[in-house]
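Novice: I am attaching a structure below and will ask some questions about it afterwards.
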Amino acid sequence: METDDNEIPDVNNVFKIEPYQFEPLRAEKSCDDRQNSDSEDSDIDDEEAIQVEQRLHNTAWCECGNCSSMTTMEECVCCAEIDLVHYKTETADQEIHCIIEHESFIANCLNRHVLHVCMYEYLENVGPFDDNDPIHEIYRHIAYRRFVRWIWHRLGRHNRKILPSCVVQKIRETFPSEQYCGFRYPRV
């Protein structure tokens, strides 16, 4: 059954559809509302400041016993606080309390031979390192990538995860450097 374009009614005219017709209107705040929201924001800021103090200057947040205080609050995360990481510790063959005790972590993220082979794959896919980069920094970078691959599999471009403090400290201890940059969000 063929229809002629002239037989199809114009839906916009029949139903009076206008763009943005069902969008919510912006509510204007009165002066009283603004003052109340400012006081609520200051309460939230005070709570955030307390959380920052608790995370940065002690390790009471650590459940595994291997974490140390990091330079920023967002980096102060224990392996037990990340569900996928905690699941790996629970499903391990032997009873472990921290992800750095897991045999797969040791074999994949701390083994120099594994990291050396992964370095060639990295060079193929991403490109060369700077010739001035010490091998410890390269291995540390690849160890972080291998941990992410092991836990989250593939994240995709510009997606990053904050690694547990215990993992970062163990990798830094194994591949030391004079200077560390810490976690950075990607530049988009």
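The chains in the structure tokens are called A, B, ... from first to last as shown; in each chain the residues are counted from 1, and the ligands are counted from 1 in the order shown.
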Can you tell me which residues surround Thr71 (chain A) at a distance of at most 9 Å, considering only C-alpha atoms, apart from same-chain residues fewer than 3 positions away, and format the answer as a ChimeraX atom specification?
Specialist: /A:56,74-76,182
Novice: Separation of CA of Tyr87 (chain A) and CA of Cys118 (chain A), in Å?
Specialist: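 Taking CA of Tyr87 (chain A) as the start and CA of Cys118 (chain A) as the end point, the length is 25.3 Å.
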Novice: In Å, how far is it from CA of His141 (chain A) to CA of Ile106 (chain A)?
Specialist: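 It comes out at 15.4 Å.
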Novice: What's around Arg146 (chain A) at 12 Å? Count only C-alpha atoms, leave out sequence neighbours fewer than 4 positions away in its own chain, and write the answer as a VMD selection string.
Specialist: chain A and resid 104 to 111 114 to 119 121 to 122 139 to 142 150 to 155 163 167 171
Novice: Restrict the selected residues to N, CA and C atoms and save them as a tab-separated table (two decimals), in the first residue's frame.
Specialist:
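Output contents, as saved in out_11.tsv:
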chain	number	residue	atom	x	y	z
A	104	SER	N	48.19	-13.25	42.22
A	104	SER	CA	48.09	-12.64	40.89
A	104	SER	C	48.66	-11.23	40.87
A	105	PHE	N	48.47	-10.49	41.95
A	105	PHE	CA	49.06	-9.16	42.04
A	105	PHE	C	50.58	-9.26	42.02
A	106	ILE	N	51.12	-10.15	42.80
A	106	ILE	CA	52.57	-10.32	42.87
A	106	ILE	C	53.13	-10.74	41.52
A	107	ALA	N	52.47	-11.69	40.87
A	107	ALA	CA	52.96	-12.20	39.59
A	107	ALA	C	52.80	-11.20	38.46
A	108	ASN	N	51.71	-10.46	38.43
A	108	ASN	CA	51.43	-9.56	37.30
A	108	ASN	C	51.93	-8.14	37.47
A	109	CYS	N	51.99	-7.65	38.69
A	109	CYS	CA	52.31	-6.24	38.90
A	109	CYS	C	53.69	-5.99	39.50
A	110	LEU	N	54.30	-7.03	40.08
A	110	LEU	CA	55.60	-6.82	40.72
A	110	LEU	C	56.73	-7.60	40.06
A	111	ASN	N	56.42	-8.51	39.17
A	111	ASN	CA	57.42	-9.35	38.53
A	111	ASN	C	58.09	-8.56	37.39
A	114	VAL	N	57.67	-10.02	33.75
A	114	VAL	CA	56.35	-9.77	33.16
A	114	VAL	C	56.26	-8.32	32.71
A	115	LEU	N	56.71	-7.41	33.53
A	115	LEU	CA	56.64	-5.99	33.19
A	115	LEU	C	57.55	-5.65	32.00
A	116	HIS	N	58.67	-6.33	31.90
A	116	HIS	CA	59.58	-6.10	30.77
A	116	HIS	C	58.92	-6.50	29.45
A	117	VAL	N	58.23	-7.64	29.43
A	117	VAL	CA	57.52	-8.07	28.23
A	117	VAL	C	56.36	-7.11	27.92
A	118	CYS	N	55.64	-6.66	28.94
A	118	CYS	CA	54.53	-5.72	28.75
A	118	CYS	C	55.03	-4.38	28.22
A	119	MET	N	56.25	-4.04	28.53
A	119	MET	CA	56.81	-2.79	28.06
A	119	MET	C	56.85	-2.77	26.53
A	121	GLU	N	54.82	-4.40	24.51
A	121	GLU	CA	53.44	-4.23	24.05
A	121	GLU	C	53.02	-2.77	24.17
A	122	TYR	N	53.40	-2.14	25.27
A	122	TYR	CA	53.09	-0.73	25.47
A	122	TYR	C	53.75	0.12	24.38
A	139	TYR	N	58.61	0.74	34.66
A	139	TYR	CA	58.01	-0.45	35.26
A	139	TYR	C	56.87	-0.07	36.21
A	140	ARG	N	57.04	1.01	36.95
A	140	ARG	CA	55.98	1.45	37.87
A	140	ARG	C	54.73	1.84	37.08
A	141	HIS	N	54.91	2.57	36.02
A	141	HIS	CA	53.79	2.99	35.17
A	141	HIS	C	53.07	1.77	34.60
A	142	ILE	N	53.82	0.81	34.10
A	142	ILE	CA	53.22	-0.39	33.52
A	142	ILE	C	52.57	-1.24	34.61
A	150	TRP	N	43.87	-5.95	35.36
A	150	TRP	CA	43.50	-7.14	36.13
A	150	TRP	C	42.16	-6.94	36.85
A	151	ILE	N	41.94	-5.79	37.41
A	151	ILE	CA	40.72	-5.54	38.20
A	151	ILE	C	39.56	-5.11	37.32
A	152	TRP	N	39.73	-4.08	36.51
A	152	TRP	CA	38.63	-3.49	35.75
A	152	TRP	C	38.61	-3.93	34.29
A	153	HIS	N	39.56	-4.72	33.87
A	153	HIS	CA	39.71	-5.22	32.51
A	153	HIS	C	40.05	-4.07	31.56
A	154	ARG	N	39.13	-3.51	30.85
A	154	ARG	CA	39.44	-2.42	29.92
A	154	ARG	C	38.58	-1.22	30.28
A	155	LEU	N	39.23	-0.09	30.48
A	155	LEU	CA	38.50	1.12	30.85
A	155	LEU	C	38.16	1.99	29.65
A	163	LEU	N	43.75	4.11	42.31
A	163	LEU	CA	44.21	2.83	42.83
A	163	LEU	C	44.28	2.88	44.36
A	167	VAL	N	48.25	-0.61	47.13
A	167	VAL	CA	48.78	-1.01	45.82
A	167	VAL	C	49.83	-0.01	45.36
A	171	ILE	N	53.85	-0.89	44.86
A	171	ILE	CA	54.51	-0.71	43.56
A	171	ILE	C	55.63	0.33	43.68
Novice: CA of Cys98 (chain A) and CA of Ile162 (chain A), how far apart in Å?
Specialist: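 Between CA of Ile162 (chain A) and CA of Cys98 (chain A) the gap works out to 16.4 Å.
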Novice: Identify, with DSSP run on backbone atoms, the residues in region 42-112 of chain A assigned to alpha helix (DSSP H), and express the list as a count of residues only.
Specialist: 31
Novice: Could you name the residues that touch Ser177 (chain A) at 12 Å or less, counting only C-alpha atoms, but leaving out those on the same chain fewer than 4 positions away, as an mmCIF file with N, CA, C and O atoms, in the first residue's frame?
Specialist:
data_model
loop_
_atom_site.group_PDB
_atom_site.id
_atom_site.type_symbol
_atom_site.label_atom_id
_atom_site.label_comp_id
_atom_site.auth_asym_id
_atom_site.auth_seq_id
_atom_site.Cartn_x
_atom_site.Cartn_y
_atom_site.Cartn_z
ATOM 1 N N ASP A 133 63.735 8.501 30.820
ATOM 2 C CA ASP A 133 62.958 7.853 31.879
ATOM 3 C C ASP A 133 63.729 6.668 32.445
ATOM 4 O O ASP A 133 64.103 5.762 31.696
ATOM 5 N N PRO A 134 63.961 6.646 33.755
ATOM 6 C CA PRO A 134 64.606 5.479 34.364
ATOM 7 C C PRO A 134 63.689 4.257 34.256
ATOM 8 O O PRO A 134 62.461 4.382 34.219
ATOM 9 N N ILE A 135 64.271 3.082 34.210
ATOM 10 C CA ILE A 135 63.500 1.858 34.029
ATOM 11 C C ILE A 135 62.516 1.641 35.174
ATOM 12 O O ILE A 135 61.431 1.108 34.962
ATOM 13 N N HIS A 136 62.862 2.094 36.391
ATOM 14 C CA HIS A 136 61.938 1.957 37.520
ATOM 15 C C HIS A 136 60.636 2.731 37.274
ATOM 16 O O HIS A 136 59.563 2.251 37.609
ATOM 17 N N GLU A 137 60.741 3.917 36.701
ATOM 18 C CA GLU A 137 59.539 4.702 36.435
ATOM 19 C C GLU A 137 58.685 4.040 35.362
ATOM 20 O O GLU A 137 57.457 4.040 35.451
ATOM 21 N N ILE A 138 59.327 3.459 34.365
ATOM 22 C CA ILE A 138 58.590 2.765 33.308
ATOM 23 C C ILE A 138 57.887 1.536 33.879
ATOM 24 O O ILE A 138 56.702 1.319 33.633
ATOM 25 N N TYR A 139 58.610 0.744 34.664
ATOM 26 C CA TYR A 139 58.012 -0.446 35.264
ATOM 27 C C TYR A 139 56.865 -0.067 36.206
ATOM 28 O O TYR A 139 55.849 -0.745 36.257
ATOM 29 N N ARG A 140 57.041 1.011 36.950
ATOM 30 C CA ARG A 140 55.979 1.446 37.873
ATOM 31 C C ARG A 140 54.731 1.839 37.082
ATOM 32 O O ARG A 140 53.619 1.430 37.418
ATOM 33 N N HIS A 141 54.911 2.569 36.021
ATOM 34 C CA HIS A 141 53.794 2.994 35.174
ATOM 35 C C HIS A 141 53.070 1.769 34.597
ATOM 36 O O HIS A 141 51.836 1.691 34.616
ATOM 37 N N GLN A 169 51.577 2.088 47.147
ATOM 38 C CA GLN A 169 52.756 2.044 48.006
ATOM 39 C C GLN A 169 53.630 0.830 47.725
ATOM 40 O O GLN A 169 54.854 0.917 47.711
ATOM 41 N N ILE A 171 53.852 -0.887 44.862
ATOM 42 C CA ILE A 171 54.512 -0.706 43.565
ATOM 43 C C ILE A 171 55.630 0.332 43.682
ATOM 44 O O ILE A 171 56.721 0.144 43.136
ATOM 45 N N ARG A 172 55.404 1.400 44.429
ATOM 46 C CA ARG A 172 56.449 2.405 44.628
ATOM 47 C C ARG A 172 57.628 1.827 45.406
ATOM 48 O O ARG A 172 58.778 2.174 45.146
ATOM 49 N N GLU A 173 57.334 0.969 46.366
ATOM 50 C CA GLU A 173 58.392 0.334 47.148
ATOM 51 C C GLU A 173 59.230 -0.598 46.265
ATOM 52 O O GLU A 173 60.449 -0.673 46.396
ATOM 53 N N CYS A 181 54.289 11.561 40.944
ATOM 54 C CA CYS A 181 53.334 12.592 40.529
ATOM 55 C C CYS A 181 51.950 12.379 41.139
ATOM 56 O O CYS A 181 51.165 13.304 41.224
#
Novice: Hey, which of A:Leu84, A:Ile100, A:Lys161, A:Arg149 ends up closest to Cys64 (chain A)? Count only C-alpha atoms.
Specialist: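 So, comparing all the options, the nearest one is A:Ile100.
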